[in-house]
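Everything below belongs to final.cif, which stores mmCIF, C-alpha atoms.
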```cif
data_upload
#
loop_
_atom_site.label_atom_id
_atom_site.label_comp_id
_atom_site.auth_asym_id
_atom_site.auth_seq_id
_atom_site.Cartn_x
_atom_site.Cartn_y
_atom_site.Cartn_z
CA MET A 312 12.00 187.59 117.06
CA ASP A 313 10.87 184.08 117.95
CA GLN A 314 14.33 182.69 117.15
CA ILE A 315 15.94 185.24 119.45
CA LYS A 316 13.49 184.46 122.24
CA GLU A 317 14.25 180.75 121.81
CA LEU A 318 18.01 181.40 122.02
CA ILE A 319 17.49 183.29 125.26
CA ARG A 320 15.24 180.56 126.65
CA ILE A 321 17.70 177.79 125.76
CA ALA A 322 20.67 179.64 127.23
CA THR A 323 19.04 180.92 130.43
CA HIS A 324 15.68 179.13 130.93
CA PHE A 325 14.15 182.63 131.04
CA ASN A 326 10.87 182.93 129.15
CA VAL A 327 10.82 186.19 127.17
CA THR A 328 7.22 187.37 127.11
CA GLN A 329 5.54 189.84 124.77
CA GLU A 330 6.17 192.71 127.16
CA TYR A 331 9.84 192.59 126.08
CA ASP A 332 9.10 192.76 122.35
CA ASN A 333 9.81 196.49 122.14
CA VAL A 334 13.11 196.08 123.96
CA LEU A 335 14.10 193.21 121.68
CA GLN A 336 13.14 195.22 118.61
CA TYR A 337 15.23 198.17 119.80
CA ILE A 338 18.27 195.94 120.44
CA TYR A 339 17.70 194.19 117.10
CA ASP A 340 17.63 197.48 115.18
CA ALA A 341 20.74 198.77 116.96
CA GLU A 342 22.74 195.56 116.38
CA ARG A 343 21.59 195.35 112.77
CA GLN A 344 22.73 198.92 112.13
CA TYR A 345 26.04 198.20 113.88
CA LEU A 346 26.71 195.26 111.57
CA LEU A 347 25.64 197.24 108.51
CA ASN A 348 28.06 200.02 109.48
CA ILE A 349 30.91 197.53 109.80
CA LEU A 350 30.04 195.93 106.46
CA ASN A 351 29.39 199.22 104.64
CA LEU A 352 26.20 197.72 103.22
CA GLU A 353 22.57 198.78 103.11
CA ASP A 354 21.10 195.28 103.50
CA LEU A 355 22.33 192.54 105.77
CA PRO A 356 23.18 189.27 103.96
CA SER A 357 20.92 186.40 105.02
CA GLU A 358 23.99 184.33 105.91
CA LEU A 359 24.65 186.69 108.83
CA SER A 360 21.17 186.46 110.35
CA GLU A 361 22.29 183.86 112.91
CA LEU A 362 25.14 186.13 113.98
CA LEU A 363 22.68 189.00 114.39
CA ASP A 364 20.27 186.81 116.41
CA LYS A 365 23.04 185.74 118.79
CA ARG A 366 24.22 189.31 119.27
CA VAL A 367 20.68 190.49 120.06
CA ALA A 368 20.14 187.61 122.50
CA ALA A 369 23.47 188.33 124.21
CA ARG A 370 22.68 192.04 124.56
CA PHE A 371 19.26 191.23 126.03
CA ILE A 372 20.80 188.77 128.51
CA ASP A 373 23.48 191.31 129.43
CA HIS A 374 20.94 194.08 130.08
CA HIS A 375 18.55 191.84 132.03
CA LYS A 376 21.00 189.75 134.10
CA ASP A 377 19.42 190.67 137.42
CA LEU A 378 15.94 189.70 136.26
CA ILE A 379 17.21 186.45 134.73
CA PHE A 380 19.03 185.51 137.95
CA LYS A 381 15.90 186.21 139.94
CA GLU A 382 13.37 184.34 137.79
CA ALA A 383 15.25 181.73 135.79
CA ASP A 384 16.48 178.37 136.98
CA LEU A 385 19.96 178.68 135.53
CA GLN A 386 22.00 175.58 136.26
CA PRO A 387 25.01 175.44 133.92
CA ILE A 388 26.80 172.13 133.39
CA LYS A 389 29.83 171.85 135.63
CA ARG A 390 31.00 168.32 134.89
CA LEU A 391 30.36 165.90 132.04
CA LYS A 392 31.35 162.25 132.11
CA GLU A 393 31.02 159.71 129.32
CA GLY A 394 32.70 156.37 129.75
CA ASP A 395 36.23 156.93 131.01
CA THR A 396 36.36 160.55 129.82
CA GLU A 397 35.45 163.35 132.19
CA ILE A 398 35.37 167.07 131.40
CA GLU A 399 35.07 169.74 134.06
CA PHE A 400 34.03 173.22 132.99
CA GLY A 401 35.50 176.33 134.57
CA GLY A 402 33.53 178.95 136.39
CA ASP A 403 32.00 178.56 139.78
CA ASN A 404 28.82 180.49 139.31
CA THR A 405 26.14 181.47 136.87
CA LEU A 406 27.57 184.96 136.46
CA SER A 407 30.75 183.60 134.89
CA TYR A 408 28.64 181.31 132.69
CA LEU A 409 26.54 184.24 131.45
CA SER A 410 29.57 186.47 131.00
CA SER A 411 31.35 183.91 128.83
CA LEU A 412 28.18 183.30 126.81
CA ILE A 413 27.69 187.03 126.23
CA SER A 414 31.33 187.46 125.27
CA LYS A 415 31.19 184.56 122.80
CA TRP A 416 27.94 185.65 121.15
CA THR A 417 28.93 189.31 120.80
CA SER A 418 32.42 188.65 119.48
CA LEU A 419 32.93 189.11 115.76
CA GLU A 420 36.20 187.21 115.88
CA GLY A 421 36.08 183.94 114.00
CA THR A 422 32.90 184.84 112.12
CA ASP A 423 32.34 185.20 108.39
CA ILE A 424 31.66 188.91 108.65
CA THR A 425 34.83 189.90 106.81
CA CYS A 426 33.70 187.91 103.77
CA TYR A 427 30.82 190.34 103.28
CA ARG A 428 32.56 193.64 103.99
CA THR A 429 32.75 196.18 101.22
CA LEU A 430 35.26 198.98 101.07
CA LYS A 431 34.44 202.60 100.34
CA TRP A 432 36.61 204.36 97.76
#
```

As structure tokens, please, write out the structure in this file.
Amino acid sequence: MDQIKELIRIATHFNVTQEYDNVLQYIYDAERQYLLNILNLEDLPSELSELLDKRVAARFIDHHKDLIFKEADLQPIKRLKEGDTEIEFGGDNTLSYLSSLISKWTSLEGTDITCYRTLKW
């Protein structure tokens, strides 16, 4: 759970305290079972633990957006300049930042999940 809490803290600057441990555990169990159902396996391969952690963190952020907006100092990067190269990121507010983060972390597209899927005969 500490890795998931750290992901949430890095992404949102929101400190997940022990009072949220039961919520995190519930989300973790649900996401783990979801992945196991997709894979048709009984145990989750260790190579997919990072994917599971990101999905749990994204679900927690999605369910607690209002609290995170209220308590966290969320200042996403809008413009980055190095030398003569400048990159400007889209999205005018923190809601669009969180929405894109949640979408990216919950998406199974582009992941290695299909490498571990077994078929039922």

Problem - Result set of the PyMOL selection byres ((chain A and resi 328) around 12) on the coordinates above, as a PyMOL selection string - result: chain A and resi 312-313+315-317+319-320+325-327+329-335

Evaluate the PyMOL selection byres ((chain A and resi 430) around 9) against this structure - the residues, as an mmCIF file with C-alpha atoms, keeping the file's coordinate frame, please.
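Written output follows (expr.cif):
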```
data_model
loop_
_atom_site.group_PDB
_atom_site.id
_atom_site.type_symbol
_atom_site.label_atom_id
_atom_site.label_comp_id
_atom_site.auth_asym_id
_atom_site.auth_seq_id
_atom_site.Cartn_x
_atom_site.Cartn_y
_atom_site.Cartn_z
ATOM 1 C CA LEU A 350 30.040 195.930 106.460
ATOM 2 C CA ASN A 351 29.390 199.220 104.640
ATOM 3 C CA ARG A 428 32.560 193.640 103.990
ATOM 4 C CA THR A 429 32.750 196.180 101.220
ATOM 5 C CA LYS A 431 34.440 202.600 100.340
ATOM 6 C CA TRP A 432 36.610 204.360 97.760
#
```

Tell me which protein, DNA and RNA residues are within 12 Å of range 355-361 of chain A, counting all atoms listed in the file, leaving out same-chain ones fewer than 4 positions away, and put them as a PDB file with C-alpha atoms, keeping the file's coordinate frame.
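Below you can see selection_20.pdb, which holds the result:
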```pdb
ATOM      1  CA  MET A 312      12.000 187.590 117.060  1.00  0.00           C
ATOM      2  CA  GLN A 314      14.330 182.690 117.150  1.00  0.00           C
ATOM      3  CA  ILE A 315      15.940 185.240 119.450  1.00  0.00           C
ATOM      4  CA  LEU A 318      18.010 181.400 122.020  1.00  0.00           C
ATOM      5  CA  TYR A 339      17.700 194.190 117.100  1.00  0.00           C
ATOM      6  CA  ASP A 340      17.630 197.480 115.180  1.00  0.00           C
ATOM      7  CA  GLU A 342      22.740 195.560 116.380  1.00  0.00           C
ATOM      8  CA  ARG A 343      21.590 195.350 112.770  1.00  0.00           C
ATOM      9  CA  GLN A 344      22.730 198.920 112.130  1.00  0.00           C
ATOM     10  CA  TYR A 345      26.040 198.200 113.880  1.00  0.00           C
ATOM     11  CA  LEU A 346      26.710 195.260 111.570  1.00  0.00           C
ATOM     12  CA  LEU A 347      25.640 197.240 108.510  1.00  0.00           C
ATOM     13  CA  ASN A 348      28.060 200.020 109.480  1.00  0.00           C
ATOM     14  CA  ILE A 349      30.910 197.530 109.800  1.00  0.00           C
ATOM     15  CA  LEU A 350      30.040 195.930 106.460  1.00  0.00           C
ATOM     16  CA  ASN A 351      29.390 199.220 104.640  1.00  0.00           C
ATOM     17  CA  LYS A 365      23.040 185.740 118.790  1.00  0.00           C
ATOM     18  CA  ARG A 366      24.220 189.310 119.270  1.00  0.00           C
ATOM     19  CA  VAL A 367      20.680 190.490 120.060  1.00  0.00           C
ATOM     20  CA  ALA A 368      20.140 187.610 122.500  1.00  0.00           C
ATOM     21  CA  TRP A 416      27.940 185.650 121.150  1.00  0.00           C
ATOM     22  CA  THR A 417      28.930 189.310 120.800  1.00  0.00           C
ATOM     23  CA  LEU A 419      32.930 189.110 115.760  1.00  0.00           C
ATOM     24  CA  THR A 422      32.900 184.840 112.120  1.00  0.00           C
ATOM     25  CA  ASP A 423      32.340 185.200 108.390  1.00  0.00           C
ATOM     26  CA  ILE A 424      31.660 188.910 108.650  1.00  0.00           C
ATOM     27  CA  THR A 425      34.830 189.900 106.810  1.00  0.00           C
ATOM     28  CA  CYS A 426      33.700 187.910 103.770  1.00  0.00           C
ATOM     29  CA  TYR A 427      30.820 190.340 103.280  1.00  0.00           C
ATOM     30  CA  ARG A 428      32.560 193.640 103.990  1.00  0.00           C
ATOM     31  CA  THR A 429      32.750 196.180 101.220  1.00  0.00           C
TER      32      THR A 429
END
```

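Here the question is which of A:Leu406, A:Leu362, A:Leu378, A:Ile372 gets nearest to Glu420 in chain A using only C-alpha atoms, and that residue is A:Leu362.
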
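Going from CA of Ile338 in chain A to CA of Ile379 in chain A covers 17.2 Å.
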